[in-house]
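Here's the structure we're looking at; comments come further down.
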Amino acid sequence: MHEWALVDALLKCAGRYAQENGLKKVDEVVIVLGDLQNADEACCRDIYNELKADAGALMAASVPVFEREKAEFKCRACGSKIQYAGREKLPPSESEAIHFVPETAGIYIKCPRCGGPDLEITAGRGVHIRELRGEK
Ligand SMILES: [Zn+2]
């Protein structure tokens, strides 16, 4: 269950940020989930609500707001940018492979301009906090 560790880290990070920036309380935490991270939103929300009390008084009443970030690749050969439309476009086994090991994406996704398989992931990877909304 990698969601647990993810949310735990996010809460700690948000709590520290709120403290450093003198927030009195945090209402919402905008969390961006990269498509390649394969983190389940409902699952993250449940864990968030379970862990938030432990993250300190500032975080205890906060709610998570999730946003998805589409995956994007850049071809190392010709510099083209490729939007990865989502896993529904790929057969399930290939899609799973991409989610677990994004480095293998080039095996399945080829550059539409030059056909090169050497793609760099430029977006859609990992999870990060975009914004904290609360009271100063
Ligand atoms: Zn290319």
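Naming works like this for the structure tokens: A, B, ... for the chains as they're shown, residue 1 at the start of each chain, ligands 1 onward in shown order.
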| request: Could the residues that lie within 10 Å of ligand 1, counting only C-alpha atoms and all ligand atoms, be listed as a PyMOL selection string? | output: chain A and resi 74-82+110-119
Tell me which protein, DNA and RNA residues are within 12 Å of Asp40 (chain A), counting only C-alpha atoms, leaving out same-chain ones fewer than 4 positions away, and put them as a CSV table (one decimal) with N, CA and C atoms, in the first residue's frame.
```csv
chain,number,residue,atom,x,y,z
A,1,MET,N,0.8,-1.2,0.0
A,1,MET,CA,0.0,0.0,0.0
A,1,MET,C,0.9,1.3,0.0
A,2,HIS,N,1.3,1.7,-1.2
A,2,HIS,CA,2.2,2.8,-1.2
A,2,HIS,C,1.5,4.1,-0.9
A,3,GLU,N,0.1,4.1,-1.0
A,3,GLU,CA,-0.6,5.3,-0.7
A,3,GLU,C,-0.4,5.8,0.7
A,4,TRP,N,-0.3,4.9,1.6
A,4,TRP,CA,-0.1,5.2,3.0
A,4,TRP,C,1.1,6.1,3.3
A,6,LEU,N,2.8,7.7,1.0
A,6,LEU,CA,2.7,8.9,0.2
A,6,LEU,C,1.9,10.0,1.0
A,7,VAL,N,0.7,9.6,1.5
A,7,VAL,CA,-0.1,10.6,2.3
A,7,VAL,C,0.5,11.0,3.5
A,33,LEU,N,-1.8,14.6,-8.2
A,33,LEU,CA,-1.4,13.1,-8.3
A,33,LEU,C,-1.0,12.9,-9.8
A,34,GLY,N,0.2,12.6,-10.0
A,34,GLY,CA,0.6,12.3,-11.4
A,34,GLY,C,0.0,11.0,-11.9
A,35,ASP,N,-0.4,11.0,-13.1
A,35,ASP,CA,-1.1,9.8,-13.7
A,35,ASP,C,-0.2,8.5,-13.6
A,36,LEU,N,1.1,8.8,-13.7
A,36,LEU,CA,2.0,7.6,-13.6
A,36,LEU,C,2.2,7.1,-12.2
A,44,CYS,N,-6.4,7.5,-1.0
A,44,CYS,CA,-5.6,8.6,-0.5
A,44,CYS,C,-6.5,9.4,0.5
A,45,ARG,N,-7.7,9.7,0.1
A,45,ARG,CA,-8.6,10.5,0.9
A,45,ARG,C,-8.9,9.9,2.2
A,46,ASP,N,-9.2,8.6,2.2
A,46,ASP,CA,-9.4,7.8,3.4
A,46,ASP,C,-8.2,7.9,4.4
A,47,ILE,N,-7.1,7.7,3.8
A,47,ILE,CA,-5.9,7.6,4.6
A,47,ILE,C,-5.6,9.0,5.2
A,66,PHE,N,-7.9,16.8,-4.6
A,66,PHE,CA,-7.0,16.1,-5.5
A,66,PHE,C,-7.1,16.6,-7.0
A,67,GLU,N,-6.0,16.7,-7.6
A,67,GLU,CA,-6.0,17.1,-9.0
A,67,GLU,C,-5.1,16.1,-9.7
A,68,ARG,N,-5.5,15.7,-10.9
A,68,ARG,CA,-4.7,14.8,-11.7
A,68,ARG,C,-3.8,15.5,-12.6
A,127,VAL,N,3.9,12.8,-6.8
A,127,VAL,CA,2.8,13.5,-6.1
A,127,VAL,C,3.4,14.7,-5.5
```
| What is the distance, in Å and to one decimal place, between CA of Arg133 (chain A) and CA of Ala53 (chain A)? |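 Separation of CA of Arg133 (chain A) and CA of Ala53 (chain A): 17.3 Å.
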I'd like the neighbourhood of region 54-58 of chain A as a PDB file with N, CA and C atoms, in the first residue's frame, where a residue qualifies if any of its atoms comes within 8 Å (using only C-alpha atoms), though same-chain residues fewer than 4 positions away should be ignored.
```
ATOM      1  N   LEU A  11       1.251  14.914   4.346  1.00  0.00           N
ATOM      2  CA  LEU A  11       0.712  15.574   5.538  1.00  0.00           C
ATOM      3  C   LEU A  11       1.821  16.228   6.357  1.00  0.00           C
ATOM      4  N   LYS A  12       2.909  15.518   6.519  1.00  0.00           N
ATOM      5  CA  LYS A  12       4.038  16.063   7.279  1.00  0.00           C
ATOM      6  C   LYS A  12       4.594  17.301   6.589  1.00  0.00           C
ATOM      7  N   GLY A  15       2.105  20.176   6.918  1.00  0.00           N
ATOM      8  CA  GLY A  15       2.106  20.667   8.288  1.00  0.00           C
ATOM      9  C   GLY A  15       3.299  21.576   8.556  1.00  0.00           C
ATOM     10  N   ALA A  18       2.840  24.882   6.636  1.00  0.00           N
ATOM     11  CA  ALA A  18       1.841  25.734   7.287  1.00  0.00           C
ATOM     12  C   ALA A  18       2.453  26.439   8.496  1.00  0.00           C
ATOM     13  N   GLN A  19       3.250  25.701   9.232  1.00  0.00           N
ATOM     14  CA  GLN A  19       3.891  26.262  10.409  1.00  0.00           C
ATOM     15  C   GLN A  19       4.899  27.345  10.022  1.00  0.00           C
ATOM     16  N   LEU A  23       0.495  29.973   9.163  1.00  0.00           N
ATOM     17  CA  LEU A  23      -0.945  29.753   9.018  1.00  0.00           C
ATOM     18  C   LEU A  23      -1.534  29.373  10.375  1.00  0.00           C
ATOM     19  N   LYS A  24      -2.735  29.875  10.625  1.00  0.00           N
ATOM     20  CA  LYS A  24      -3.411  29.544  11.890  1.00  0.00           C
ATOM     21  C   LYS A  24      -4.107  28.201  11.782  1.00  0.00           C
ATOM     22  N   LYS A  25      -4.632  27.947  10.586  1.00  0.00           N
ATOM     23  CA  LYS A  25      -5.231  26.629  10.354  1.00  0.00           C
ATOM     24  C   LYS A  25      -5.296  26.372   8.858  1.00  0.00           C
ATOM     25  N   VAL A  26      -5.264  25.112   8.499  1.00  0.00           N
ATOM     26  CA  VAL A  26      -5.314  24.733   7.089  1.00  0.00           C
ATOM     27  C   VAL A  26      -6.693  24.165   6.776  1.00  0.00           C
ATOM     28  N   SER A  62      -8.254  19.928   8.112  1.00  0.00           N
ATOM     29  CA  SER A  62      -8.059  20.130   6.670  1.00  0.00           C
ATOM     30  C   SER A  62      -8.662  18.989   5.856  1.00  0.00           C
TER      31      SER A  62
END
```
| task | Apply DSSP to the structure's backbone, then extract all residues of chain A labelled alpha helix (DSSP H) and return them as number ranges by chain. | result | A: 2-20, 41-51, 92-100, 105-108
| note | note - CA of Gln83 (chain A) and CA of Ala42 (chain A) are separated by 25.1 Å
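A straight line drawn from CA of Cys13 (chain A) to CA of Ile31 (chain A) is 11.5 Å long.
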